[in-house]
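Participant: My structure is stored as entry.txt, with compact mmCIF, C-alpha atoms and all ligand atoms.
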# COMPACT_ATOMS: atom_id res chain seq x y z
CA MET A 101 70.30 -101.06 18.49
CA VAL A 102 67.79 -103.65 19.70
CA ILE A 103 66.44 -102.79 23.14
CA SER A 104 63.71 -105.45 23.32
CA ALA A 105 61.38 -107.05 24.09
CA ASP A 106 57.94 -106.22 25.30
CA SER A 107 55.54 -109.06 24.79
CA SER A 108 51.78 -109.05 24.52
CA ASP A 109 49.00 -111.23 23.18
CA VAL A 110 48.09 -108.64 20.54
CA LEU A 111 50.02 -105.81 18.91
CA VAL A 112 47.92 -103.29 16.99
CA VAL A 113 49.93 -101.28 14.46
CA GLY A 114 48.06 -98.01 13.96
CA GLY A 115 46.14 -95.80 16.40
CA GLY A 116 43.36 -94.32 14.31
CA ILE A 117 39.81 -95.15 15.34
CA ILE A 118 40.00 -98.61 13.73
CA GLY A 119 43.21 -99.54 15.55
CA LEU A 120 41.89 -98.05 18.78
CA VAL A 121 38.56 -99.88 18.70
CA THR A 122 40.38 -103.14 17.93
CA ALA A 123 42.73 -102.64 20.88
CA TRP A 124 39.91 -101.65 23.22
CA ARG A 125 37.77 -104.64 22.36
CA ALA A 126 40.74 -107.02 22.51
CA ALA A 127 41.73 -105.75 25.96
CA GLN A 128 38.13 -106.08 27.14
CA ARG A 129 38.29 -109.75 26.16
CA GLY A 130 41.27 -110.26 28.45
CA LEU A 131 44.04 -110.15 25.84
CA SER A 132 47.15 -108.22 26.82
CA THR A 133 47.28 -105.58 24.11
CA THR A 134 49.84 -103.06 22.88
CA LEU A 135 49.08 -100.32 20.37
CA ALA A 136 51.88 -98.59 18.46
CA ASP A 137 51.36 -95.17 16.93
CA PRO A 138 53.16 -91.86 17.45
CA GLU A 139 49.88 -90.03 17.94
CA PRO A 140 46.97 -92.30 18.92
CA GLY A 141 43.62 -90.79 17.99
CA GLY A 142 45.13 -88.60 15.28
CA GLY A 143 44.84 -89.31 11.58
CA ALA A 144 41.74 -89.08 9.48
CA ALA A 145 39.31 -89.06 12.42
CA GLN A 146 40.56 -85.50 12.86
CA VAL A 147 39.24 -84.67 9.39
CA ALA A 148 36.15 -86.87 8.90
CA ALA A 149 32.64 -85.41 9.14
CA GLY A 150 31.27 -88.44 10.98
CA MET A 151 28.18 -89.21 8.92
CA LEU A 152 26.74 -92.65 9.63
CA ALA A 153 25.36 -92.87 6.12
CA ALA A 154 24.59 -96.51 5.37
CA VAL A 155 21.42 -95.56 3.46
CA THR A 156 22.29 -92.22 1.83
CA GLU A 157 25.76 -93.37 0.68
CA LEU A 158 24.48 -96.58 -0.89
CA HIS A 159 26.11 -97.30 -4.25
CA HIS A 160 25.34 -99.78 -7.00
CA GLY A 161 27.46 -102.89 -6.62
CA GLU A 162 27.97 -102.38 -2.88
CA GLN A 163 25.10 -104.53 -1.58
CA THR A 164 27.46 -106.81 0.36
CA LEU A 165 29.09 -103.83 2.01
CA LEU A 166 25.61 -102.53 2.82
CA GLY A 167 25.05 -105.54 5.09
CA LEU A 168 28.15 -104.68 7.13
CA ASN A 169 27.29 -100.97 7.17
CA LEU A 170 23.78 -101.68 8.46
CA ALA A 171 25.11 -104.09 11.08
CA SER A 172 27.44 -101.38 12.35
CA ALA A 173 24.80 -98.64 12.22
CA ALA A 174 22.49 -100.84 14.32
CA ARG A 175 25.24 -101.26 16.94
CA TYR A 176 25.97 -97.53 17.21
CA PRO A 177 23.63 -96.47 20.05
CA GLU A 178 24.77 -99.28 22.33
CA PHE A 179 28.40 -98.83 21.30
CA VAL A 180 28.23 -95.12 22.12
CA ALA A 181 26.61 -95.76 25.49
CA GLU A 182 29.29 -98.30 26.40
CA LEU A 183 32.16 -96.13 25.17
CA GLU A 184 30.89 -93.01 26.95
CA GLU A 185 30.53 -95.03 30.16
CA ALA A 186 34.00 -96.57 29.79
CA SER A 187 35.75 -93.31 28.93
CA GLY A 188 33.72 -90.73 30.83
CA ARG A 189 33.61 -88.69 27.59
CA THR A 190 30.82 -87.84 25.19
CA VAL A 191 31.21 -88.56 21.48
CA GLY A 192 28.60 -86.25 19.95
CA PHE A 193 26.29 -88.97 18.63
CA ARG A 194 23.15 -87.36 17.18
CA ALA A 195 20.22 -89.45 15.99
CA CYS A 196 19.20 -86.60 13.71
CA GLY A 197 18.60 -88.28 10.35
CA THR A 198 19.63 -87.03 6.92
CA LEU A 199 18.00 -85.18 4.03
CA SER A 200 19.43 -85.70 0.54
CA VAL A 201 18.23 -83.09 -1.94
CA ALA A 202 18.35 -82.33 -5.66
CA LEU A 203 18.89 -78.90 -7.21
CA ASP A 204 18.24 -79.51 -10.91
CA SER A 205 16.57 -82.15 -13.05
CA ASP A 206 19.76 -84.20 -13.50
CA ASP A 207 20.32 -84.20 -9.74
CA ARG A 208 16.71 -85.21 -9.26
CA ALA A 209 17.10 -88.10 -11.70
CA HIS A 210 20.20 -89.20 -9.77
CA LEU A 211 18.31 -89.07 -6.49
CA ARG A 212 15.32 -90.95 -7.95
CA GLU A 213 17.74 -93.66 -9.01
CA LEU A 214 19.18 -93.81 -5.50
CA HIS A 215 15.66 -94.01 -4.07
CA THR A 216 14.88 -96.99 -6.31
CA LEU A 217 18.08 -98.72 -5.22
CA GLN A 218 17.26 -98.06 -1.56
CA GLN A 219 13.77 -99.48 -1.98
CA ARG A 220 15.10 -102.54 -3.79
CA SER A 221 17.51 -103.01 -0.90
CA GLY A 222 14.69 -102.87 1.66
CA LEU A 223 15.83 -99.54 3.13
CA GLU A 224 13.63 -96.82 4.60
CA SER A 225 13.60 -93.53 2.71
CA GLU A 226 10.82 -91.14 1.79
CA TRP A 227 10.59 -88.98 -1.35
CA LEU A 228 9.71 -85.34 -0.56
CA SER A 229 8.81 -82.39 -2.77
CA GLY A 230 11.02 -79.30 -2.70
CA ARG A 231 8.47 -77.56 -0.49
CA GLU A 232 8.43 -80.46 1.96
CA CYS A 233 12.23 -80.40 2.09
CA ARG A 234 12.22 -76.67 2.90
CA ARG A 235 9.59 -77.20 5.56
CA LEU A 236 12.00 -79.57 7.29
CA GLU A 237 15.05 -77.38 6.68
CA PRO A 238 14.07 -73.73 6.11
CA MET A 239 17.66 -72.70 5.25
CA LEU A 240 17.54 -74.72 2.01
CA ALA A 241 17.67 -72.79 -1.25
CA PRO A 242 14.30 -72.07 -2.89
CA GLY A 243 15.46 -73.95 -5.99
CA VAL A 244 15.57 -77.37 -4.28
CA ARG A 245 13.58 -79.71 -6.55
CA GLY A 246 12.95 -82.61 -4.21
CA GLY A 247 14.70 -84.87 -1.80
CA LEU A 248 14.95 -88.06 0.20
CA ARG A 249 14.28 -88.11 3.90
CA VAL A 250 16.32 -90.83 5.61
CA ASP A 251 15.63 -90.99 9.32
CA ASP A 252 18.17 -93.72 10.12
CA ASP A 253 21.39 -92.05 8.91
CA HIS A 254 22.83 -90.26 11.92
CA GLN A 255 26.14 -88.67 12.90
CA VAL A 256 28.91 -88.79 15.48
CA ASP A 257 31.85 -86.45 16.12
CA PRO A 258 34.94 -88.40 15.01
CA ARG A 259 37.35 -86.24 17.03
CA ARG A 260 35.43 -86.94 20.22
CA LEU A 261 35.10 -90.57 19.22
CA ALA A 262 38.87 -90.87 18.83
CA SER A 263 39.55 -89.18 22.20
CA ALA A 264 37.04 -91.41 23.94
CA LEU A 265 38.61 -94.51 22.41
CA VAL A 266 42.08 -93.46 23.60
CA THR A 267 40.77 -93.04 27.15
CA ALA A 268 38.78 -96.29 27.02
CA CYS A 269 41.91 -98.11 25.84
CA GLU A 270 43.98 -96.62 28.64
CA ARG A 271 41.38 -97.62 31.21
CA ALA A 272 41.14 -101.13 29.76
CA GLY A 273 44.90 -101.58 30.16
CA VAL A 274 46.08 -101.17 26.55
CA ALA A 275 49.80 -100.32 26.54
CA PHE A 276 50.54 -97.42 24.21
CA ARG A 277 53.83 -97.18 22.35
CA ARG A 278 53.85 -93.64 21.05
CA ALA A 279 56.32 -94.31 18.28
CA TRP A 280 56.56 -95.31 14.63
CA VAL A 281 56.70 -98.95 13.73
CA GLY A 282 59.61 -99.59 11.35
CA ARG A 283 58.81 -103.11 10.22
CA LEU A 284 56.89 -106.29 10.91
CA ARG A 285 58.82 -109.15 12.48
CA VAL A 286 58.33 -112.52 10.81
CA THR A 287 59.94 -115.68 12.17
CA ASP A 288 59.54 -119.17 10.72
CA GLY A 289 56.68 -118.04 8.50
CA ARG A 290 54.74 -116.35 11.30
CA ALA A 291 54.23 -112.71 12.32
CA VAL A 292 55.70 -112.43 15.81
CA GLY A 293 55.67 -108.68 16.46
CA ALA A 294 57.23 -105.52 15.12
CA VAL A 295 60.30 -103.37 15.45
CA LEU A 296 59.92 -99.69 16.27
CA ARG A 297 62.03 -97.17 14.39
CA ASP A 298 64.25 -96.74 17.44
CA GLY A 299 65.06 -100.45 17.30
CA THR A 300 62.79 -101.54 20.15
CA GLU A 301 61.35 -104.97 19.51
CA LEU A 302 57.73 -105.67 20.38
CA ALA A 303 56.79 -109.33 20.54
CA ALA A 304 53.20 -110.43 20.13
CA GLY A 305 51.18 -113.58 19.65
CA GLN A 306 49.08 -111.80 17.01
CA VAL A 307 49.61 -108.59 15.06
CA VAL A 308 46.81 -106.42 13.66
CA LEU A 309 47.77 -104.04 10.87
CA ALA A 310 45.38 -101.09 11.09
CA GLY A 311 47.40 -98.43 9.31
CA GLY A 312 44.73 -96.77 7.19
CA SER A 313 45.81 -95.79 3.69
CA LEU A 314 49.43 -96.58 4.52
CA SER A 315 48.71 -100.16 5.58
CA GLY A 316 50.21 -101.43 2.36
CA ARG A 317 53.58 -99.78 3.03
CA LEU A 318 54.76 -101.52 6.21
CA GLU A 319 58.17 -103.05 5.67
CA GLY A 320 58.56 -106.75 6.35
CA VAL A 321 55.04 -107.73 5.25
CA PRO A 322 55.38 -110.50 2.65
CA GLU A 323 54.25 -109.35 -0.79
CA ALA A 324 51.47 -111.96 -0.95
CA VAL A 325 49.64 -110.46 2.05
CA VAL A 326 50.27 -106.76 1.51
CA PRO A 327 46.82 -105.11 1.67
CA PRO A 328 45.80 -103.48 -1.62
CA VAL A 329 44.83 -100.11 -0.17
CA ARG A 330 45.43 -96.70 -1.71
CA PRO A 331 44.80 -93.16 -0.45
CA VAL A 332 41.77 -91.18 -1.65
CA LYS A 333 42.03 -87.57 -0.59
CA GLY A 334 39.12 -85.72 0.98
CA GLN A 335 39.13 -82.00 1.69
CA VAL A 336 36.78 -80.87 4.45
CA LEU A 337 35.76 -77.44 5.82
CA ARG A 338 34.57 -76.47 9.28
CA LEU A 339 32.36 -73.46 9.92
CA THR A 340 30.79 -72.23 13.14
CA VAL A 341 27.11 -71.45 13.57
CA PRO A 342 26.80 -68.56 16.08
CA ALA A 343 24.19 -69.18 18.78
CA ALA A 344 22.02 -66.40 17.32
CA TYR A 345 21.64 -68.41 14.07
CA ALA A 346 20.69 -71.70 15.71
CA PRO A 347 19.13 -73.98 14.75
CA PHE A 348 20.75 -73.47 11.35
CA LEU A 349 20.21 -77.06 10.21
CA SER A 350 18.54 -79.75 12.28
CA ARG A 351 19.94 -82.77 10.41
CA THR A 352 22.66 -83.72 7.95
CA VAL A 353 21.89 -82.27 4.53
CA ARG A 354 23.53 -83.56 1.38
CA ALA A 355 23.16 -83.19 -2.34
CA VAL A 356 24.56 -83.92 -5.72
CA VAL A 357 25.10 -80.50 -7.25
CA ARG A 358 25.62 -80.85 -10.99
CA GLY A 359 27.32 -84.16 -10.47
CA SER A 360 29.49 -83.30 -7.45
CA HIS A 361 28.63 -84.51 -3.99
CA VAL A 362 28.47 -82.19 -1.00
CA TYR A 363 27.28 -82.69 2.56
CA LEU A 364 26.74 -80.44 5.56
CA VAL A 365 26.87 -82.01 9.01
CA PRO A 366 25.59 -79.77 11.85
CA ARG A 367 26.86 -80.60 15.32
CA ALA A 368 25.04 -79.83 18.55
CA ASP A 369 27.93 -77.56 19.63
CA GLY A 370 27.53 -75.26 16.60
CA GLU A 371 30.21 -76.74 14.38
CA LEU A 372 29.12 -77.20 10.76
CA VAL A 373 31.24 -79.61 8.73
CA ILE A 374 31.18 -79.36 4.94
CA GLY A 375 32.67 -82.16 2.86
CA ALA A 376 34.18 -83.62 0.92
CA THR A 377 36.26 -83.82 -2.19
CA SER A 378 37.25 -87.24 -3.46
CA GLU A 379 40.59 -87.11 -5.21
CA GLU A 380 43.09 -89.70 -6.39
CA MET A 381 46.15 -87.60 -5.56
CA GLY A 382 48.45 -90.10 -3.89
CA TRP A 383 49.68 -88.99 -0.50
CA ASP A 384 49.04 -85.30 -1.06
CA THR A 385 47.06 -83.66 1.75
CA THR A 386 47.29 -80.08 0.54
CA VAL A 387 44.15 -78.00 0.99
CA THR A 388 43.68 -76.35 -2.39
CA ALA A 389 41.87 -73.18 -3.42
CA GLY A 390 39.98 -75.28 -5.98
CA GLY A 391 38.83 -77.82 -3.39
CA VAL A 392 37.65 -75.14 -0.96
CA TYR A 393 35.99 -73.22 -3.79
CA GLU A 394 34.05 -76.24 -5.06
CA LEU A 395 32.83 -77.20 -1.61
CA LEU A 396 31.74 -73.65 -0.77
CA ARG A 397 30.19 -73.13 -4.21
CA ASP A 398 28.08 -76.29 -3.94
CA ALA A 399 27.23 -75.79 -0.26
CA HIS A 400 26.21 -72.19 -0.99
CA GLU A 401 23.94 -73.28 -3.80
CA LEU A 402 22.30 -75.67 -1.36
CA ILE A 403 22.22 -73.40 1.71
CA PRO A 404 22.82 -69.77 0.67
CA GLY A 405 23.05 -68.63 4.31
CA ILE A 406 26.40 -70.34 4.86
CA THR A 407 28.20 -67.27 3.53
CA GLU A 408 27.36 -65.52 6.81
CA LEU A 409 29.19 -68.11 8.92
CA PRO A 410 32.79 -67.95 10.09
CA LEU A 411 35.04 -70.44 8.26
CA THR A 412 37.14 -71.87 11.05
CA GLU A 413 39.12 -74.73 9.54
CA THR A 414 40.15 -76.33 6.26
CA ARG A 415 41.80 -79.74 6.22
CA ALA A 416 42.44 -82.79 4.06
CA GLY A 417 42.66 -86.48 4.98
CA LEU A 418 43.18 -89.76 3.17
CA ARG A 419 40.56 -92.49 2.88
CA PRO A 420 42.07 -96.00 2.74
CA ALA A 421 40.39 -97.42 -0.35
CA SER A 422 40.44 -101.05 -1.38
CA PRO A 423 39.69 -102.33 -4.89
CA ASP A 424 36.04 -103.07 -3.97
CA ASN A 425 35.60 -100.13 -1.55
CA ALA A 426 35.06 -102.57 1.34
CA PRO A 427 37.34 -103.21 4.33
CA LEU A 428 39.79 -106.06 4.81
CA LEU A 429 39.09 -107.74 8.14
CA GLY A 430 40.72 -110.70 9.84
CA PRO A 431 43.48 -113.19 9.26
CA THR A 432 45.86 -113.07 6.33
CA ALA A 433 47.69 -116.00 4.75
CA LEU A 434 50.62 -115.16 7.05
CA PRO A 435 49.88 -116.84 10.38
CA GLY A 436 49.71 -114.31 13.20
CA LEU A 437 48.99 -111.33 10.93
CA HIS A 438 45.50 -109.80 10.73
CA LEU A 439 44.21 -106.80 8.84
CA ALA A 440 41.71 -104.13 9.88
CA THR A 441 41.98 -101.62 7.08
CA GLY A 442 40.53 -100.45 3.75
CA HIS A 443 37.41 -98.84 5.25
CA HIS A 444 37.43 -96.10 2.60
CA ARG A 445 34.32 -93.84 3.03
CA ASN A 446 32.98 -95.82 5.99
CA GLY A 447 35.65 -95.83 8.69
CA VAL A 448 33.57 -93.98 11.27
CA LEU A 449 30.40 -95.93 10.48
CA LEU A 450 32.20 -99.28 10.62
CA THR A 451 34.04 -98.63 13.90
CA PRO A 452 31.64 -100.61 16.18
CA VAL A 453 31.38 -103.69 13.98
CA THR A 454 35.11 -103.68 13.26
CA GLY A 455 35.90 -103.73 16.98
CA ASP A 456 33.54 -106.64 17.57
CA VAL A 457 34.74 -108.59 14.53
CA MET A 458 38.42 -108.16 15.35
CA ALA A 459 37.96 -109.11 19.01
CA HIS A 460 36.10 -112.23 17.91
CA VAL A 461 38.83 -113.19 15.45
CA LEU A 462 41.61 -112.54 17.93
CA THR A 463 40.00 -114.67 20.62
CA THR A 464 38.58 -117.51 18.51
CA GLY A 465 40.53 -117.52 15.26
CA GLU A 466 37.22 -117.39 13.37
CA LEU A 467 35.69 -114.56 11.38
CA PRO A 468 32.07 -114.01 12.45
CA GLU A 469 29.43 -114.48 9.76
CA VAL A 470 28.90 -110.75 9.21
CA ALA A 471 32.56 -110.27 8.26
CA ARG A 472 33.19 -113.32 6.08
CA PRO A 473 32.79 -111.47 2.77
CA PHE A 474 35.51 -109.08 3.92
CA ALA A 475 38.32 -111.57 4.54
CA PRO A 476 41.63 -110.32 3.09
CA GLY A 477 41.96 -113.55 1.10
CA ARG A 478 39.44 -112.24 -1.46
CA PHE A 479 42.27 -110.26 -3.03
CA ALA A 480 44.80 -113.08 -2.93
CA ARG A 481 44.84 -113.49 -6.72
CA ALA A 482 43.87 -109.98 -7.69
CA PRO A 483 46.56 -107.65 -9.00
CA ARG A 484 47.59 -105.05 -6.43
CA ALA A 485 46.15 -101.58 -6.73
CA ALA A 486 48.93 -99.34 -7.97
CA ALA A 487 49.95 -97.42 -4.87
CA PRO A 488 51.58 -94.10 -5.65
CA ALA A 489 55.18 -93.60 -4.57
CA VAL A 490 55.47 -92.05 -1.12
CA PRO A 491 57.70 -88.99 -0.82
CA ALA A 492 60.64 -89.84 1.47
CA SER A 493 59.90 -86.88 3.73
CA ARG A 494 56.39 -88.18 4.33
CA TYR A 495 57.10 -91.83 4.61
CA THR A 496 60.48 -92.91 5.79
CA ALA A 497 58.55 -95.29 8.01
CA PRO A 498 54.95 -96.34 7.66
CA ALA A 499 52.44 -94.01 9.21
CA GLN A 500 49.95 -96.06 11.10
CA GLN A 501 46.91 -93.98 11.57
CA GLU A 502 43.55 -94.84 10.22
CA GLN A 503 43.06 -92.38 7.39
CA SER A 504 39.51 -92.82 6.26
CA VAL A 505 37.52 -89.63 6.05
N1 LIG B 601 31.69 -90.84 4.02
C1 LIG B 601 31.99 -89.53 3.66
C2 LIG B 601 33.18 -89.36 2.83
O1 LIG B 601 33.91 -90.30 2.63
O2 LIG B 601 33.41 -88.27 2.38
Once you've parsed the file, please lay out its structure as structure tokens.

Facilitator:
Amino acid sequence: MVISADSSDVLVVGGGIIGLVTAWRAAQRGLSTTLADPEPGGGAAQVAAGMLAAVTELHHGEQTLLGLNLASAARYPEFVAELEEASGRTVGFRACGTLSVALDSDDRAHLRELHTLQQRSGLESEWLSGRECRRLEPMLAPGVRGGLRVDDDHQVDPRRLASALVTACERAGVAFRRAWVGRLRVTDGRAVGAVLRDGTELAAGQVVLAGGSLSGRLEGVPEAVVPPVRPVKGQVLRLTVPAAYAPFLSRTVRAVVRGSHVYLVPRADGELVIGATSEEMGWDTTVTAGGVYELLRDAHELIPGITELPLTETRAGLRPASPDNAPLLGPTALPGLHLATGHHRNGVLLTPVTGDVMAHVLTTGELPEVARPFAPGRFARAPRAAAPAVPASRYTAPAQQEQSV
């Protein structure tokens, strides 16, 4: 049954932090905006650790992405101030810096290589001896062989960020449709809205698909513009640091431990987040004994004292990965349809710049300079990433939440 037909300038499909920031910024620019998602603010922001790790998560071959990551990191303090003012909520931003350490000679070689890449990229990082690392963070294991001090990689609490964005959207006049979108509506070669699973039609001048790892599964999207995103599973643990143990860690600490990456993110409220696995497991979000074991094993080798702490939560989320690990931002070849997805490991970091970029595109039709390398058209001729089949119970309609960890 078609009930129809709400109409707005912009319809955002997906209420994770990327969909929310897009809706907030669009509404601020005077566009009437609707956001459709059964649970706005849910999704992978509920799992992510919230590292803003432009420098420490630098990878070979990702120099272009680095530019966007740095642009977003630079916007964070102002973004947080504006969001906290608009929402009346705090988001747990901590300008605490990060220490990346090595535990054996292979890990040290890996970290030396990263240091060289950072220097070649003009980034600030300082090599420290094991003793200097332990002076900064006394809970580190005595075996730490050296490390990199990066004072510009901070953190935010993604759960608080998501809640604040929901409130800021509400206050800016975004209309929430707490429901699943069933399919995109296309008329005369143009995206003109969407149909909810209950048959309600939503009309819109422009549609933004911000569905995280499931962005490629929305029915009605022409094959040629389906975003090539796939889920990459991340398991994450949460521990609590009792007040008597504080300060347990004063900054984010991370390491490669015999080839596997682990990070510990200490929040001001005593939460300690340990992450994350990186698994190509399709849509599976099971927390496994093996995943928890590996994270605790590596974290314990790094910080032996964690075994004293209560383990309060285990959870898995899905990063929306694109073929080049960078997001897809802006207009597609289908008039009226934009993408804001594929943020992979950097969804939280890229939230401020994504909001600004999408608002600019939606109001002017132009991608700003900083986002041009990330136009969806770069994959127009590339073969689609093979997306695993979605179990019917999990995906009878596309889930819309941003899933990056
Ligand atoms: N950026 C952290 C992660 O993806 O695990």

Participant: I'd like the interatomic distance between atom CA of Leu135 of chain A and atom CA of Gly382 of chain A, to a tenth of an Å.

Facilitator: 26.3 Å

Participant: When the cut-off is 8 Å and you count all atoms listed in the file, which residues lie near ligand LIG 601 (chain B), shown as a VMD selection string?

Facilitator: chain A and resid 148 to 153 157 334 375 to 378 419 444 to 447 504 to 505

Participant: So that each row is one residue of segment 124-241 of chain A with an atom at most 12 Å from segment 283-301 of chain A, can you give its shortest atom pair and the distance in Å to one decimal, using only C-alpha atoms, rows by chain and rising number, as a Markdown table?

Facilitator:
| residue | atom | partner | partner_atom | distance |
| --- | --- | --- | --- | --- |
| A:Thr133 | CA | A:Gly293 | CA | 11.8 |
| A:Thr134 | CA | A:Gly293 | CA | 10.3 |
| A:Leu135 | CA | A:Ala294 | CA | 11.0 |
| A:Ala136 | CA | A:Leu296 | CA | 8.4 |
| A:Asp137 | CA | A:Leu296 | CA | 9.7 |
| A:Pro138 | CA | A:Leu296 | CA | 10.4 |

Participant: Using all atoms listed in the file, what residues lie at most 12 Å away from (26.1, -76.4, 0.6) (file coordinates), given as a PyMOL selection string?

Facilitator: chain A and resi 200-203+239-241+244+337+339+349+352-357+360-366+372-376+392-407

Participant: Put those residues in a file: C-alpha atoms, as a compact mmCIF listing (two decimals), keeping the file's coordinate frame.

Facilitator:
# COMPACT_ATOMS: atom_id res chain seq x y z
CA SER A 200 19.43 -85.70 0.54
CA VAL A 201 18.23 -83.09 -1.94
CA ALA A 202 18.35 -82.33 -5.66
CA LEU A 203 18.89 -78.90 -7.21
CA MET A 239 17.66 -72.70 5.25
CA LEU A 240 17.54 -74.72 2.01
CA ALA A 241 17.67 -72.79 -1.25
CA VAL A 244 15.57 -77.37 -4.28
CA LEU A 337 35.76 -77.44 5.82
CA LEU A 339 32.36 -73.46 9.92
CA LEU A 349 20.21 -77.06 10.21
CA THR A 352 22.66 -83.72 7.95
CA VAL A 353 21.89 -82.27 4.53
CA ARG A 354 23.53 -83.56 1.38
CA ALA A 355 23.16 -83.19 -2.34
CA VAL A 356 24.56 -83.92 -5.72
CA VAL A 357 25.10 -80.50 -7.25
CA SER A 360 29.49 -83.30 -7.45
CA HIS A 361 28.63 -84.51 -3.99
CA VAL A 362 28.47 -82.19 -1.00
CA TYR A 363 27.28 -82.69 2.56
CA LEU A 364 26.74 -80.44 5.56
CA VAL A 365 26.87 -82.01 9.01
CA PRO A 366 25.59 -79.77 11.85
CA LEU A 372 29.12 -77.20 10.76
CA VAL A 373 31.24 -79.61 8.73
CA ILE A 374 31.18 -79.36 4.94
CA GLY A 375 32.67 -82.16 2.86
CA ALA A 376 34.18 -83.62 0.92
CA VAL A 392 37.65 -75.14 -0.96
CA TYR A 393 35.99 -73.22 -3.79
CA GLU A 394 34.05 -76.24 -5.06
CA LEU A 395 32.83 -77.20 -1.61
CA LEU A 396 31.74 -73.65 -0.77
CA ARG A 397 30.19 -73.13 -4.21
CA ASP A 398 28.08 -76.29 -3.94
CA ALA A 399 27.23 -75.79 -0.26
CA HIS A 400 26.21 -72.19 -0.99
CA GLU A 401 23.94 -73.28 -3.80
CA LEU A 402 22.30 -75.67 -1.36
CA ILE A 403 22.22 -73.40 1.71
CA PRO A 404 22.82 -69.77 0.67
CA GLY A 405 23.05 -68.63 4.31
CA ILE A 406 26.40 -70.34 4.86
CA THR A 407 28.20 -67.27 3.53

Participant: For atom CA of Thr385 of chain A and atom CA of Val112 of chain A, quote the distance in Å rounded to one decimal.

Facilitator: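 That distance, rounded to one decimal, is 24.9 Å.
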
Participant: Each side padded by 8 Å, which centre and which edge lengths in Å (one decimal) define the axis-aligned box around the listed atoms of segment 390-408 of chain A? Give them as lines of an AutoDock Vina configuration file.

Facilitator:
center_x = 31.1
center_y = -71.7
center_z = 0.4
size_x = 33.8
size_y = 28.3
size_z = 28.8

Participant: Kindly give the distance, in Å, that separates atom CA of Ala262 of chain A and atom CA of Gly320 of chain A, rounded to a single decimal.

Facilitator: 28.2 Å

Participant: List the spatial neighbours of Lys333 of chain A as a PDB file with C-alpha atoms, in the coordinates of the input - criterion: any atom at most 6 Å away, only C-alpha atoms, same-chain residues fewer than 4 positions off excluded.

Facilitator:
ATOM      1  CA  SER A 378      37.250 -87.240  -3.460  1.00  0.00           C
ATOM      2  CA  GLU A 379      40.590 -87.110  -5.210  1.00  0.00           C
ATOM      3  CA  GLY A 417      42.660 -86.480   4.980  1.00  0.00           C
ATOM      4  CA  LEU A 418      43.180 -89.760   3.170  1.00  0.00           C
TER       5      LEU A 418
END

Participant: Using only C-alpha atoms, which of the listed residues (A:Ala154, A:Pro476, A:Ala195, A:Val121) sits closest to Leu168 of chain A?

Facilitator: A:Ala154
